[in-house]
Structure formats: structure tokens, C-alpha cells
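With mmCIF, C-alpha atoms inside, this is protein.cif:
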```cif
data_structure
loop_
_atom_site.group_PDB
_atom_site.id
_atom_site.type_symbol
_atom_site.label_atom_id
_atom_site.label_comp_id
_atom_site.auth_asym_id
_atom_site.auth_seq_id
_atom_site.Cartn_x
_atom_site.Cartn_y
_atom_site.Cartn_z
ATOM 1 C CA MET A 22 0.000 0.000 0.000
ATOM 2 C CA LEU A 23 2.868 2.365 0.790
ATOM 3 C CA GLU A 24 4.369 1.611 -2.603
ATOM 4 C CA LEU A 25 1.036 2.351 -4.241
ATOM 5 C CA VAL A 26 0.693 5.741 -2.541
ATOM 6 C CA GLY A 27 4.341 6.610 -3.158
ATOM 7 C CA ALA A 28 4.148 5.683 -6.833
ATOM 8 C CA PHE A 29 1.054 7.783 -7.477
ATOM 9 C CA LEU A 30 2.364 10.750 -5.475
ATOM 10 C CA LEU A 31 5.393 10.632 -7.771
ATOM 11 C CA VAL A 32 3.179 10.411 -10.865
ATOM 12 C CA GLY A 33 1.169 13.449 -9.731
ATOM 13 C CA GLY A 34 4.289 15.421 -8.889
ATOM 14 C CA LEU A 35 5.945 14.759 -12.227
ATOM 15 C CA ALA A 36 2.876 15.056 -14.454
ATOM 16 C CA PHE A 37 4.148 18.063 -16.396
ATOM 17 C CA GLY A 38 2.246 18.487 -19.642
ATOM 18 C CA GLY A 39 -1.051 17.180 -18.267
ATOM 19 C CA GLY A 40 -2.514 13.807 -17.384
ATOM 20 C CA GLN A 41 -1.964 12.082 -20.724
ATOM 21 C CA ALA A 42 1.728 12.884 -20.634
ATOM 22 C CA ALA A 43 1.911 11.104 -17.266
ATOM 23 C CA LEU A 44 0.675 7.789 -18.696
ATOM 24 C CA PRO A 45 4.223 6.543 -19.456
ATOM 25 C CA LEU A 46 5.143 7.063 -15.819
ATOM 26 C CA VAL A 47 2.062 5.159 -14.694
ATOM 27 C CA GLU A 48 2.825 2.373 -17.133
ATOM 28 C CA ARG A 49 6.465 1.984 -16.104
ATOM 29 C CA LEU A 50 5.574 1.881 -12.417
ATOM 30 C CA ALA A 51 2.348 -0.140 -12.496
ATOM 31 C CA VAL A 52 3.328 -2.648 -15.187
ATOM 32 C CA GLY A 53 7.125 -2.639 -15.023
ATOM 33 C CA THR A 54 8.379 -1.898 -11.531
ATOM 34 C CA PHE A 55 5.559 -3.214 -9.353
ATOM 35 C CA GLY A 56 3.573 -5.499 -11.655
ATOM 36 C CA TRP A 57 0.190 -4.424 -10.309
ATOM 37 C CA VAL A 58 -1.360 -4.941 -13.746
ATOM 38 C CA THR A 59 -0.368 -6.803 -16.904
ATOM 39 C CA PRO A 60 0.338 -4.864 -20.113
ATOM 40 C CA ALA A 61 -3.039 -6.000 -21.485
ATOM 41 C CA GLN A 62 -4.850 -4.869 -18.345
ATOM 42 C CA PHE A 63 -3.068 -1.529 -18.565
ATOM 43 C CA GLY A 64 -4.373 -1.143 -22.118
ATOM 44 C CA VAL A 65 -7.897 -1.839 -20.914
ATOM 45 C CA ALA A 66 -7.426 0.648 -18.062
ATOM 46 C CA VAL A 67 -6.309 3.401 -20.446
ATOM 47 C CA GLY A 68 -9.357 2.653 -22.595
ATOM 48 C CA LEU A 69 -11.655 2.950 -19.600
ATOM 49 C CA SER A 70 -10.041 6.191 -18.472
ATOM 50 C CA TYR A 71 -10.682 7.611 -21.947
ATOM 51 C CA ALA A 72 -14.232 6.267 -21.939
ATOM 52 C CA THR A 73 -15.236 7.613 -18.539
ATOM 53 C CA PRO A 74 -15.786 11.331 -18.022
ATOM 54 C CA GLY A 75 -13.160 13.168 -16.013
ATOM 55 C CA PRO A 76 -9.360 13.245 -15.998
ATOM 56 C CA VAL A 77 -7.198 10.526 -17.587
ATOM 57 C CA LEU A 78 -5.205 10.130 -14.373
ATOM 58 C CA ILE A 79 -8.295 8.554 -12.826
ATOM 59 C CA ILE A 80 -6.589 5.425 -14.137
ATOM 60 C CA ALA A 81 -5.080 5.460 -10.621
ATOM 61 C CA ALA A 82 -8.411 4.192 -9.271
ATOM 62 C CA TYR A 83 -8.316 1.199 -11.623
ATOM 63 C CA ILE A 84 -4.735 0.260 -10.824
ATOM 64 C CA GLY A 85 -5.246 0.895 -7.111
ATOM 65 C CA TYR A 86 -8.236 -1.427 -7.145
ATOM 66 C CA ARG A 87 -6.305 -4.162 -8.947
ATOM 67 C CA ALA A 88 -3.402 -3.816 -6.513
ATOM 68 C CA GLU A 89 -5.140 -3.439 -3.143
ATOM 69 C CA GLY A 90 -8.916 -3.576 -3.656
ATOM 70 C CA LEU A 91 -11.209 -0.724 -2.641
ATOM 71 C CA PRO A 92 -8.796 0.894 -0.148
ATOM 72 C CA GLY A 93 -6.163 0.817 -2.898
ATOM 73 C CA ALA A 94 -8.488 2.540 -5.352
ATOM 74 C CA ALA A 95 -9.229 5.327 -2.870
ATOM 75 C CA ALA A 96 -5.602 5.742 -1.778
ATOM 76 C CA ALA A 97 -4.201 5.814 -5.316
ATOM 77 C CA THR A 98 -6.804 8.371 -6.425
ATOM 78 C CA VAL A 99 -6.067 10.713 -3.521
ATOM 79 C CA ALA A 100 -2.315 10.255 -4.013
ATOM 80 C CA VAL A 101 -2.267 10.996 -7.733
ATOM 81 C CA PHE A 102 -4.167 14.266 -7.331
ATOM 82 C CA ALA A 103 -2.585 15.376 -4.028
ATOM 83 C CA VAL A 104 0.451 17.214 -5.385
ATOM 84 C CA PRO A 105 -1.299 18.839 -8.374
ATOM 85 C CA VAL A 106 -4.245 19.960 -6.237
ATOM 86 C CA LEU A 107 -2.042 21.392 -3.494
ATOM 87 C CA ALA A 108 0.009 23.131 -6.182
ATOM 88 C CA ALA A 109 -3.158 24.594 -7.708
ATOM 89 C CA VAL A 110 -4.306 25.822 -4.291
ATOM 90 C CA GLY A 111 -0.857 27.338 -3.871
ATOM 91 C CA ALA A 112 -1.096 28.958 -7.305
ATOM 92 C CA ALA A 113 -4.443 30.429 -6.329
ATOM 93 C CA SER A 114 -3.136 31.893 -3.102
ATOM 94 C CA THR A 115 0.293 32.682 -1.758
ATOM 95 C CA VAL A 116 2.743 31.164 -4.206
ATOM 96 C CA GLN A 117 1.105 32.530 -7.337
ATOM 97 C CA ARG A 118 4.529 33.919 -8.130
ATOM 98 C CA LEU A 119 5.891 30.382 -8.519
ATOM 99 C CA SER A 120 4.145 29.977 -11.870
ATOM 100 C CA THR A 121 5.527 33.300 -13.028
ATOM 101 C CA THR A 122 9.120 32.539 -12.080
ATOM 102 C CA ARG A 123 11.396 31.529 -14.907
ATOM 103 C CA TRP A 124 12.593 28.188 -13.629
ATOM 104 C CA LEU A 125 9.285 26.404 -13.163
ATOM 105 C CA PRO A 126 7.848 27.067 -16.646
ATOM 106 C CA ALA A 127 11.236 26.163 -18.154
ATOM 107 C CA PHE A 128 11.323 22.972 -16.084
ATOM 108 C CA GLY A 129 7.733 22.156 -17.036
ATOM 109 C CA ARG A 130 8.187 22.767 -20.767
ATOM 110 C CA THR A 131 11.168 20.440 -21.083
ATOM 111 C CA ALA A 132 9.824 17.841 -18.673
ATOM 112 C CA GLY A 133 6.544 17.910 -20.606
ATOM 113 C CA ALA A 134 8.332 17.367 -23.912
ATOM 114 C CA ALA A 135 10.223 14.426 -22.406
ATOM 115 C CA ALA A 136 6.993 12.952 -21.084
ATOM 116 C CA ILE A 137 5.438 13.131 -24.541
ATOM 117 C CA GLY A 138 8.477 11.400 -25.997
ATOM 118 C CA LEU A 139 8.045 8.683 -23.391
ATOM 119 C CA LEU A 140 4.542 8.094 -24.768
ATOM 120 C CA ALA A 141 6.292 6.313 -27.646
ATOM 121 C CA VAL A 142 7.590 3.723 -25.172
ATOM 122 C CA THR A 143 4.115 3.353 -23.662
ATOM 123 C CA LEU A 144 2.644 2.977 -27.123
ATOM 124 C CA LEU A 145 5.055 0.116 -27.851
ATOM 125 C CA SER A 146 4.223 -1.679 -24.625
ATOM 126 C CA LEU A 147 0.475 -1.276 -25.267
ATOM 127 C CA ALA A 148 0.875 -2.496 -28.829
ATOM 128 C CA ARG A 149 2.846 -5.589 -27.810
ATOM 129 C CA PRO A 150 -0.068 -7.645 -26.388
ATOM 130 C CA VAL A 151 -2.137 -6.683 -29.448
ATOM 131 C CA VAL A 152 0.607 -7.759 -31.854
ATOM 132 C CA GLU A 153 1.013 -11.017 -29.955
ATOM 133 C CA VAL A 154 -2.597 -11.870 -30.789
ATOM 134 C CA HIS A 155 -2.141 -10.875 -34.430
ATOM 135 C CA PRO A 156 -0.056 -8.112 -36.087
ATOM 136 C CA VAL A 157 -2.876 -7.351 -38.530
ATOM 137 C CA LEU A 158 -4.865 -5.900 -35.603
ATOM 138 C CA LEU A 159 -2.592 -2.851 -35.710
ATOM 139 C CA THR A 160 -4.352 -1.888 -38.950
ATOM 140 C CA GLY A 161 -7.409 -1.351 -36.766
ATOM 141 C CA SER A 162 -5.348 0.860 -34.463
ATOM 142 C CA ALA A 163 -4.137 2.895 -37.427
ATOM 143 C CA LEU A 164 -7.708 3.350 -38.630
ATOM 144 C CA ILE A 165 -8.690 4.553 -35.145
ATOM 145 C CA THR A 166 -5.800 7.054 -35.184
ATOM 146 C CA LEU A 167 -7.098 8.499 -38.446
ATOM 147 C CA ALA A 168 -10.723 8.444 -37.324
ATOM 148 C CA ALA A 169 -9.848 10.182 -34.033
ATOM 149 C CA ARG A 170 -9.419 13.448 -35.932
ATOM 150 C CA ARG A 171 -13.125 13.546 -36.602
ATOM 151 C CA ALA A 172 -14.951 11.135 -34.312
ATOM 152 C CA HIS A 173 -15.333 11.172 -30.555
ATOM 153 C CA PRO A 174 -12.976 8.801 -28.644
ATOM 154 C CA GLN A 175 -15.852 7.275 -26.687
ATOM 155 C CA LEU A 176 -17.653 6.376 -29.895
ATOM 156 C CA LEU A 177 -14.518 4.819 -31.386
ATOM 157 C CA LEU A 178 -13.921 2.786 -28.213
ATOM 158 C CA ALA A 179 -17.500 1.532 -28.237
ATOM 159 C CA VAL A 180 -17.272 0.530 -31.901
ATOM 160 C CA ALA A 181 -13.953 -1.244 -31.331
ATOM 161 C CA VAL A 182 -15.285 -3.180 -28.323
ATOM 162 C CA LEU A 183 -18.394 -4.174 -30.269
ATOM 163 C CA ILE A 184 -16.418 -5.362 -33.299
ATOM 164 C CA GLY A 185 -14.052 -7.243 -30.992
ATOM 165 C CA ALA A 186 -16.897 -8.929 -29.131
ATOM 166 C CA VAL A 187 -18.647 -9.985 -32.348
ATOM 167 C CA ALA A 188 -15.378 -11.207 -33.847
ATOM 168 C CA GLY A 189 -14.730 -13.177 -30.661
ATOM 169 C CA LEU A 190 -18.117 -14.850 -30.908
ATOM 170 C CA VAL A 191 -17.779 -15.645 -34.601
ATOM 171 C CA THR A 192 -14.268 -17.067 -34.418
ATOM 172 C CA SER A 193 -14.833 -19.168 -31.278
ATOM 173 C CA MET B 26 -10.933 31.049 -16.242
ATOM 174 C CA ARG B 27 -7.901 32.226 -18.191
ATOM 175 C CA ASP B 28 -6.155 32.899 -14.894
ATOM 176 C CA ALA B 29 -6.903 29.350 -13.848
ATOM 177 C CA LEU B 30 -5.160 28.012 -16.945
ATOM 178 C CA THR B 31 -2.272 30.487 -16.894
ATOM 179 C CA TYR B 32 -1.318 29.730 -13.322
ATOM 180 C CA THR B 33 -1.862 25.994 -13.318
ATOM 181 C CA LYS B 34 -0.346 25.181 -16.722
ATOM 182 C CA PRO B 35 3.290 25.276 -15.555
ATOM 183 C CA LEU B 36 2.480 23.122 -12.527
ATOM 184 C CA PRO B 37 2.644 19.341 -12.695
ATOM 185 C CA GLY B 38 -0.599 17.393 -12.827
ATOM 186 C CA SER B 39 -3.902 17.073 -14.556
ATOM 187 C CA THR B 40 -4.724 20.500 -15.976
ATOM 188 C CA VAL B 41 -8.496 19.992 -15.832
ATOM 189 C CA VAL B 42 -8.453 19.042 -12.158
ATOM 190 C CA GLN B 43 -6.200 21.970 -11.322
ATOM 191 C CA ALA B 44 -8.438 24.443 -13.108
ATOM 192 C CA VAL B 45 -11.362 23.116 -11.053
ATOM 193 C CA THR B 46 -9.336 23.419 -7.822
ATOM 194 C CA PHE B 47 -8.216 26.925 -8.707
ATOM 195 C CA LEU B 48 -11.751 28.107 -9.477
ATOM 196 C CA GLY B 49 -13.036 26.506 -6.268
ATOM 197 C CA TRP B 50 -10.410 28.471 -4.349
ATOM 198 C CA ARG B 51 -11.391 31.721 -6.015
ATOM 199 C CA LEU B 52 -15.020 31.115 -5.095
ATOM 200 C CA ALA B 53 -14.678 29.900 -1.518
ATOM 201 C CA GLY B 54 -11.079 29.597 -0.377
ATOM 202 C CA LEU B 55 -9.548 26.317 0.747
ATOM 203 C CA ARG B 56 -12.902 24.702 1.491
ATOM 204 C CA GLY B 57 -14.141 25.694 -1.946
ATOM 205 C CA ALA B 58 -11.011 24.268 -3.544
ATOM 206 C CA LEU B 59 -11.332 20.938 -1.746
ATOM 207 C CA ALA B 60 -15.085 20.690 -2.331
ATOM 208 C CA ALA B 61 -14.774 21.502 -6.043
ATOM 209 C CA THR B 62 -11.952 18.992 -6.516
ATOM 210 C CA ALA B 63 -13.717 16.228 -4.597
ATOM 211 C CA GLY B 64 -16.940 16.902 -6.501
ATOM 212 C CA PHE B 65 -15.102 16.661 -9.795
ATOM 213 C CA VAL B 66 -12.895 13.662 -9.053
ATOM 214 C CA ALA B 67 -15.176 11.484 -6.897
ATOM 215 C CA PRO B 68 -17.751 10.500 -9.572
ATOM 216 C CA ALA B 69 -14.991 9.625 -12.034
ATOM 217 C CA ALA B 70 -13.106 7.658 -9.356
ATOM 218 C CA LEU B 71 -16.220 5.700 -8.381
ATOM 219 C CA LEU B 72 -16.984 4.953 -12.017
ATOM 220 C CA MET B 73 -13.419 3.822 -12.620
ATOM 221 C CA THR B 74 -13.387 1.614 -9.514
ATOM 222 C CA ALA B 75 -16.655 0.037 -10.614
ATOM 223 C CA ALA B 76 -15.156 -0.514 -14.063
ATOM 224 C CA ALA B 77 -12.086 -2.157 -12.512
ATOM 225 C CA ALA B 78 -14.275 -4.444 -10.425
ATOM 226 C CA GLY B 79 -16.498 -5.082 -13.439
ATOM 227 C CA THR B 80 -13.716 -6.074 -15.808
ATOM 228 C CA ALA B 81 -12.157 -8.244 -13.087
ATOM 229 C CA ALA B 82 -15.474 -10.092 -12.687
ATOM 230 C CA LEU B 83 -16.102 -10.625 -16.408
ATOM 231 C CA PRO B 84 -16.510 -14.260 -17.445
ATOM 232 C CA ASP B 85 -13.753 -15.828 -19.515
ATOM 233 C CA ALA B 86 -15.827 -16.014 -22.690
ATOM 234 C CA ALA B 87 -14.842 -15.538 -26.323
ATOM 235 C CA TRP B 88 -16.921 -12.375 -26.733
ATOM 236 C CA VAL B 89 -15.391 -10.853 -23.583
ATOM 237 C CA ARG B 90 -11.862 -11.585 -24.756
ATOM 238 C CA GLY B 91 -12.752 -10.164 -28.161
ATOM 239 C CA GLY B 92 -14.283 -7.030 -26.677
ATOM 240 C CA LEU B 93 -11.299 -6.374 -24.423
ATOM 241 C CA LEU B 94 -8.949 -6.934 -27.342
ATOM 242 C CA GLY B 95 -10.996 -4.445 -29.365
ATOM 243 C CA LEU B 96 -10.581 -1.960 -26.523
ATOM 244 C CA GLN B 97 -6.792 -2.428 -26.560
ATOM 245 C CA VAL B 98 -6.633 -2.030 -30.326
ATOM 246 C CA ALA B 99 -8.578 1.234 -30.036
ATOM 247 C CA VAL B 100 -6.390 2.488 -27.183
ATOM 248 C CA VAL B 101 -3.226 2.065 -29.242
ATOM 249 C CA GLY B 102 -4.846 4.108 -32.007
ATOM 250 C CA LEU B 103 -6.179 6.807 -29.675
ATOM 251 C CA LEU B 104 -2.890 7.153 -27.828
ATOM 252 C CA ALA B 105 -1.022 7.515 -31.114
ATOM 253 C CA HIS B 106 -3.461 10.268 -32.045
ATOM 254 C CA SER B 107 -2.941 12.063 -28.696
ATOM 255 C CA MET B 108 0.795 11.747 -29.010
ATOM 256 C CA VAL B 109 0.788 13.452 -32.407
ATOM 257 C CA GLY B 110 -1.496 16.176 -31.028
ATOM 258 C CA LEU B 111 0.651 16.736 -27.940
ATOM 259 C CA LEU B 112 3.852 16.789 -29.986
ATOM 260 C CA SER B 113 2.553 19.487 -32.311
ATOM 261 C CA LYS B 114 1.247 21.512 -29.361
ATOM 262 C CA GLU B 115 3.955 21.149 -26.715
ATOM 263 C CA ALA B 116 7.128 20.326 -28.658
ATOM 264 C CA ARG B 117 7.015 23.136 -31.168
ATOM 265 C CA THR B 118 10.671 24.175 -31.115
ATOM 266 C CA VAL B 119 13.473 22.031 -32.524
ATOM 267 C CA GLY B 120 14.997 21.812 -29.058
ATOM 268 C CA LEU B 121 11.846 20.506 -27.418
ATOM 269 C CA ALA B 122 11.253 18.052 -30.259
ATOM 270 C CA ALA B 123 14.801 16.787 -29.737
ATOM 271 C CA VAL B 124 14.086 16.383 -26.020
ATOM 272 C CA ALA B 125 10.975 14.348 -26.848
ATOM 273 C CA GLY B 126 12.972 12.153 -29.242
ATOM 274 C CA ALA B 127 15.804 11.666 -26.780
ATOM 275 C CA ALA B 128 13.319 10.808 -24.024
ATOM 276 C CA ALA B 129 11.683 8.189 -26.240
ATOM 277 C CA VAL B 130 15.048 6.466 -26.647
ATOM 278 C CA ALA B 131 16.156 6.966 -23.040
ATOM 279 C CA GLY B 132 12.808 5.671 -21.780
ATOM 280 C CA VAL B 133 13.599 2.213 -23.122
ATOM 281 C CA PHE B 134 16.575 1.880 -20.771
ATOM 282 C CA LEU B 135 15.990 4.324 -17.948
ATOM 283 C CA ASN B 136 13.409 4.973 -15.269
ATOM 284 C CA ALA B 137 10.645 7.214 -16.674
ATOM 285 C CA ALA B 138 10.512 9.492 -13.623
ATOM 286 C CA LEU B 139 14.254 10.022 -13.894
ATOM 287 C CA VAL B 140 14.000 10.931 -17.580
ATOM 288 C CA VAL B 141 11.241 13.487 -16.946
ATOM 289 C CA ALA B 142 13.036 15.063 -13.983
ATOM 290 C CA ALA B 143 16.385 15.168 -15.790
ATOM 291 C CA ALA B 144 14.799 16.817 -18.814
ATOM 292 C CA GLY B 145 13.177 19.425 -16.576
ATOM 293 C CA LEU B 146 16.479 20.223 -14.874
ATOM 294 C CA ALA B 147 18.227 20.471 -18.239
ATOM 295 C CA GLY B 148 15.520 22.853 -19.443
ATOM 296 C CA THR B 149 15.966 25.038 -16.375
ATOM 297 C CA ALA B 150 19.738 25.087 -16.817
ATOM 298 C CA VAL B 151 19.477 26.083 -20.472
ATOM 299 C CA GLU B 152 16.991 28.840 -19.612
ATOM 300 C CA TYR B 153 19.403 30.347 -17.093
ATOM 301 C CA ARG B 154 22.443 30.077 -19.340
ATOM 302 C CA ARG B 155 20.604 31.799 -22.125
ATOM 303 C CA ARG B 156 19.422 34.771 -20.079
ATOM 304 C CA PRO B 157 21.240 34.818 -16.736
ATOM 305 C CA ARG B 158 20.085 36.988 -13.864
ATOM 306 C CA GLN B 159 17.010 38.429 -15.409
ATOM 307 C CA GLY B 160 13.724 39.080 -13.635
ATOM 308 C CA ALA B 161 12.953 38.177 -10.056
ATOM 309 C CA GLY B 162 12.645 34.423 -10.431
ATOM 310 C CA GLY B 163 14.664 32.458 -7.910
ATOM 311 C CA ALA B 164 15.896 28.900 -8.183
#
```
Write out the structure in this file as C-alpha cells.
Amino acid sequence: MLELVGAFLLVGGLAFGGGQAALPLVERLAVGTFGWVTPAQFGVAVGLSYATPGPVLIIAAYIGYRAEGLPGAAAATVAVFAVPVLAAVGAASTVQRLSTTRWLPAFGRTAGAAAIGLLAVTLLSLARPVVEVHPVLLTGSALITLAARRAHPQLLLAVAVLIGAVAGLVTS
Amino acid sequence: MRDALTYTKPLPGSTVVQAVTFLGWRLAGLRGALAATAGFVAPAALLMTAAAAGTAALPDAAWVRGGLLGLQVAVVGLLAHSMVGLLSKEARTVGLAAVAGAAAVAGVFLNAALVVAAAGLAGTAVEYRRRPRQGAGGA
């Protein structure tokens, strides 16, 4: 439980560039370091965090639940938002100057860029379980990438789940 | 609202949540900030916990496996789309694009938190070398 809280405090504290940019950090810790979820489960969790309303980092609740049940879900959720929320309260009150200093925006810009680069690593690890089933499935992913310019993510997720379910039934 | 985004953007964390916290603070101080944040995060957290419990309890049937696989296929596509969007928005200079590329390579071998923190420190160092001792910002 301590590891869970520590990991998500770290994720919240280093989530420069927004929640999505923090996904690589979540993936490395939850799948790699601690093994709370499998790569496939992580993929499902990301899908659910896209599908549900609210912030992407709510993925903490899913991973917390898988690691330590209900208390884990609650603890991970509080932990992942603790640092950002305290920082926002600080920004709204006494340390408003922090955001207007030079070092923090400079730190955030570069850290954010690095986090986005790390998404490539996350993408590979999410693609691996898919490729292991069949490489052709990545064509579907590519189609979704193109469609995401126009269509709503929730709709695309629903369509993909439906096609997958029907295909599962037919091929079984 | 623009204040909320200006002041929370450089801070780490989910921008949406921080904007909510910030606005809550403006409306009703610390209690407002906590209430607004809890009100925004709690429904999503409950939904996500239910989803985690739900997917854990799913039967091991062909249609379930197919559906979950479909979800993973879609996630790869959606994440690729976000990555392209984020790159064009946040890594607009050659330097930042290079940082993103270097991080992608480094991330294969190194701890992700380390890569992010190191990049941030490097960015700060470059900023100060470029324009030393300007403004009131302290390190």
C-alpha cells in the first residue's frame, strides 16, 4: 500500500504536460516496476479512463483497485491528485509567483516534452499484447488514429469493443 | 478562467483538475477548492473503480476476450493520435522536439521518472544560461 501511494504521489508530482503525458510514468511503475497490472490490463485501463468522463489520471483508481482492492483505489486516487491539487491551491493563493518565475515554466516545458516522448515507449508496450494476438490488428489501431481526428474517442472505443466482441463470438 | 489556466499550466498534474481546484479556491477559499476537486474527481473515481471491479469479474468467454482486445486495439490508435497532437502543441521548437525524441530512446533503458526530472532540470539550466540573472525568479 505504501508503494502504491508513493508511486502515485510521484506520478502526480511529475505530471508536467497534463494527465496524458503522465501515462508513461504510470505504465512503467504499475506494469514494469511493481507489476500491479499486466500490459493487457493496462491497455484496458487506459481505454476505460478515456471512456469515462473526467481526468485521464483517474486510471489510478483502476490500478489501485487491482493492486489493493477498494482501499487501494481510494488511496491511489487521492495520491495521484494530491500534489497537483495542493500546487493549484498554492497557485491560487500565496505562491502565485511560482508559476511566473522563470525556472518552473522552463522545467515544465522540457519535462513535458520528455513525457510526450516517453509516450512512444508506452505505445510500444500497449501495442505488444495486441501484436502477440495478431499483427494485422494494428491496422485497426491505425484506422482509429485516423478516425480520431473527426470522431469522438468514446464512440470509437465503443465501436472497437463491439467489433471485438462480435469477432470473438464468430471465431470461437 | 484564463487565470486558472495560466497559473496551473506550468504546474505538474492534470490540468483539468487543477483548473477546477483553482476556481473553487477563487469562489470559496480552501474549502471551496477541496469541495470543487472532490466533486469533480469522486464521480470519475467511483466509475473507474466500478469498471475495474467489473472487468475483473467478467466471465472468460470468447466475446469478452474479443471485446477487451478491441478496446486495446482502439487504445493504441487513440494514444497515437494524442501523441501526435501533444507533440505538435507542446514540442514546437526544434529543441523541445529533440528532447521528446531523446526521451523516447532513453525511456527504453531508464526509469521514466528520472527521464522526466532530468529533462526538466536540463531545461531550467538552459533557460538560465541563455538569459542569466534576469527578472525576479529564484531557483
Requested in this report: Would you mind listing what lies within 9 Å of A:Ala179 as a PyMOL selection string, with all atoms listed in the file counted and same-chain residues fewer than 6 positions away left out?
Outcome: (chain A and resi 72) or (chain B and resi 95-96)
Requested in this report: Select, from A:Pro156, A:Gly161, A:Gly93, A:Pro60, the residue with the minimum atom-to-atom distance to chain B, counting all atoms listed in the file.
Outcome: A:Gly161
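For the pair atom CA of A:Met22 and atom CA of A:Val58, the separation is 14.7 Å.
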Requested in this report: Take the PyMOL selection byres ((chain B and resi 151) around 12), apply it to the structure above, and return the hits as an MDAnalysis selection string.
Outcome: (chainID A and resid 123:124 127:128 130:131) or (chainID B and resid 120:121 144:150 152:157)
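With all atoms listed in the file as the basis for measurement, B:Ala125 is the residue among B:Val130, B:Ala125, B:Leu48, B:Leu71 that approaches chain A most closely.
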Report task. Rank B:Phe47, B:Ala61, B:Val98, B:Trp88 by their smallest atom-to-atom distance to A:Val157, using all atoms listed in the file, and report the top residue only. Result ->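 Looking at the shortest contact to A:Val157, the residue is B:Val98.
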Report task. Find the distance between atom CA of B:Val141 and atom CA of A:Gly64 and write it in Å to one decimal. Result -> 22.0 Å
Query - A:Ala43 surroundings by only C-alpha atoms, 10 Å radius, close-in-sequence under 2 positions cut, as a list in words - result: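 Close residues of A:Ala43: Val32, Gly33, Gly34, Leu35, Ala36, Phe37, Gly38, Gly39, Gly40, Gln41, Pro45, Leu46, Val47, Glu48, Val77, Leu78, Gly133, Ala136, Ile137, Leu139 and Leu140 of chain A; Pro37, Gly38, Ser39, Ala137, Ala138 and Val141 of chain B.
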Please work out which residues fall within 8 Å of (-3.7, 10.0, -34.1), coordinates as given in the file, with all atoms listed in the file counting, and return them as a CSV table (one decimal) with C-alpha atoms, keeping the file's coordinate frame.
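Ended up saving to out15.csv:
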```csv
chain,number,residue,atom,x,y,z
A,163,ALA,CA,-4.1,2.9,-37.4
A,165,ILE,CA,-8.7,4.6,-35.1
A,166,THR,CA,-5.8,7.1,-35.2
A,167,LEU,CA,-7.1,8.5,-38.4
A,168,ALA,CA,-10.7,8.4,-37.3
A,169,ALA,CA,-9.8,10.2,-34.0
A,170,ARG,CA,-9.4,13.4,-35.9
B,102,GLY,CA,-4.8,4.1,-32.0
B,103,LEU,CA,-6.2,6.8,-29.7
B,104,LEU,CA,-2.9,7.2,-27.8
B,105,ALA,CA,-1.0,7.5,-31.1
B,106,HIS,CA,-3.5,10.3,-32.0
B,107,SER,CA,-2.9,12.1,-28.7
B,108,MET,CA,0.8,11.7,-29.0
B,109,VAL,CA,0.8,13.5,-32.4
B,110,GLY,CA,-1.5,16.2,-31.0
```
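You can rank A:Ala96, A:Leu91, A:Val142, A:Leu69 by their closest distance to A:Arg49 using all atoms listed in the file, and at the top of that list sits A:Val142.
Here atom CA of A:Leu30 is placed at a distance of 4.9 Å from atom CA of A:Ala100.
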Requested in this report: Return the single residue from A:Val152, A:Ala135, A:Ala97, A:Val52 that is closest to chain B, with distances computed using all atoms listed in the file.
Outcome: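 Checking each of A:Val152, A:Ala135, A:Ala97, A:Val52 against chain B, counting all atoms listed in the file, the winner is A:Ala135.
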Requested in this report: Convert the output of the PyMOL selection byres ((chain B and resi 63) around 12) on the shown file into explicit residues, formatted as a PyMOL selection string.
Outcome: (chain A and resi 75+95+98-99+102-103+106) or (chain B and resi 42-43+45-46+49+56-62+64-71)
Report task. Excluding A:Ala186 and any residue of its chain fewer than 6 positions from it, enumerate the residues within 10 Å of it, using only C-alpha atoms, and give them as a list in words. Result -> Val180 of chain A; Ala86, Ala87, Trp88, Val89, Arg90, Gly91, Gly92, Leu93, Leu94, Gly95 and Leu96 of chain B
Requested in this report: With a distance cut-off of 7 Å and only C-alpha atoms, select the neighbouring residues of A:Tyr83, excluding the residue or stretch itself and same-chain residues fewer than 6 positions from it, and output the selection as a list in words.
Outcome: Ala66 and Ala94 of chain A; Met73, Thr74 and Ala77 of chain B
How about completing stretch 139-151 of chain B with N, CA and C atoms and giving it to me as a PDB file, keeping the file's coordinate frame?
```
ATOM      1  N   LEU B 139      12.916   9.454 -13.792  1.00  0.00           N
ATOM      2  CA  LEU B 139      14.254  10.022 -13.894  1.00  0.00           C
ATOM      3  C   LEU B 139      14.399  10.827 -15.183  1.00  0.00           C
ATOM      4  N   VAL B 140      13.891  10.265 -16.280  1.00  0.00           N
ATOM      5  CA  VAL B 140      14.000  10.931 -17.580  1.00  0.00           C
ATOM      6  C   VAL B 140      13.263  12.266 -17.554  1.00  0.00           C
ATOM      7  N   VAL B 141      12.045  12.257 -17.001  1.00  0.00           N
ATOM      8  CA  VAL B 141      11.241  13.487 -16.946  1.00  0.00           C
ATOM      9  C   VAL B 141      11.928  14.537 -16.079  1.00  0.00           C
ATOM     10  N   ALA B 142      12.398  14.115 -14.905  1.00  0.00           N
ATOM     11  CA  ALA B 142      13.036  15.063 -13.983  1.00  0.00           C
ATOM     12  C   ALA B 142      14.330  15.607 -14.572  1.00  0.00           C
ATOM     13  N   ALA B 143      15.119  14.733 -15.197  1.00  0.00           N
ATOM     14  CA  ALA B 143      16.385  15.168 -15.790  1.00  0.00           C
ATOM     15  C   ALA B 143      16.140  16.171 -16.910  1.00  0.00           C
ATOM     16  N   ALA B 144      15.120  15.899 -17.716  1.00  0.00           N
ATOM     17  CA  ALA B 144      14.799  16.817 -18.814  1.00  0.00           C
ATOM     18  C   ALA B 144      14.394  18.175 -18.250  1.00  0.00           C
ATOM     19  N   GLY B 145      13.602  18.171 -17.191  1.00  0.00           N
ATOM     20  CA  GLY B 145      13.177  19.425 -16.576  1.00  0.00           C
ATOM     21  C   GLY B 145      14.364  20.226 -16.067  1.00  0.00           C
ATOM     22  N   LEU B 146      15.288  19.541 -15.395  1.00  0.00           N
ATOM     23  CA  LEU B 146      16.479  20.223 -14.874  1.00  0.00           C
ATOM     24  C   LEU B 146      17.314  20.785 -16.013  1.00  0.00           C
ATOM     25  N   ALA B 147      17.454  20.002 -17.078  1.00  0.00           N
ATOM     26  CA  ALA B 147      18.227  20.471 -18.239  1.00  0.00           C
ATOM     27  C   ALA B 147      17.574  21.717 -18.823  1.00  0.00           C
ATOM     28  N   GLY B 148      16.251  21.704 -18.905  1.00  0.00           N
ATOM     29  CA  GLY B 148      15.520  22.853 -19.443  1.00  0.00           C
ATOM     30  C   GLY B 148      15.751  24.094 -18.597  1.00  0.00           C
ATOM     31  N   THR B 149      15.731  23.915 -17.282  1.00  0.00           N
ATOM     32  CA  THR B 149      15.966  25.038 -16.375  1.00  0.00           C
ATOM     33  C   THR B 149      17.378  25.587 -16.561  1.00  0.00           C
ATOM     34  N   ALA B 150      18.345  24.671 -16.653  1.00  0.00           N
ATOM     35  CA  ALA B 150      19.738  25.087 -16.817  1.00  0.00           C
ATOM     36  C   ALA B 150      19.927  25.885 -18.098  1.00  0.00           C
ATOM     37  N   VAL B 151      19.341  25.401 -19.188  1.00  0.00           N
ATOM     38  CA  VAL B 151      19.477  26.083 -20.472  1.00  0.00           C
ATOM     39  C   VAL B 151      18.853  27.472 -20.400  1.00  0.00           C
TER      40      VAL B 151
END
```
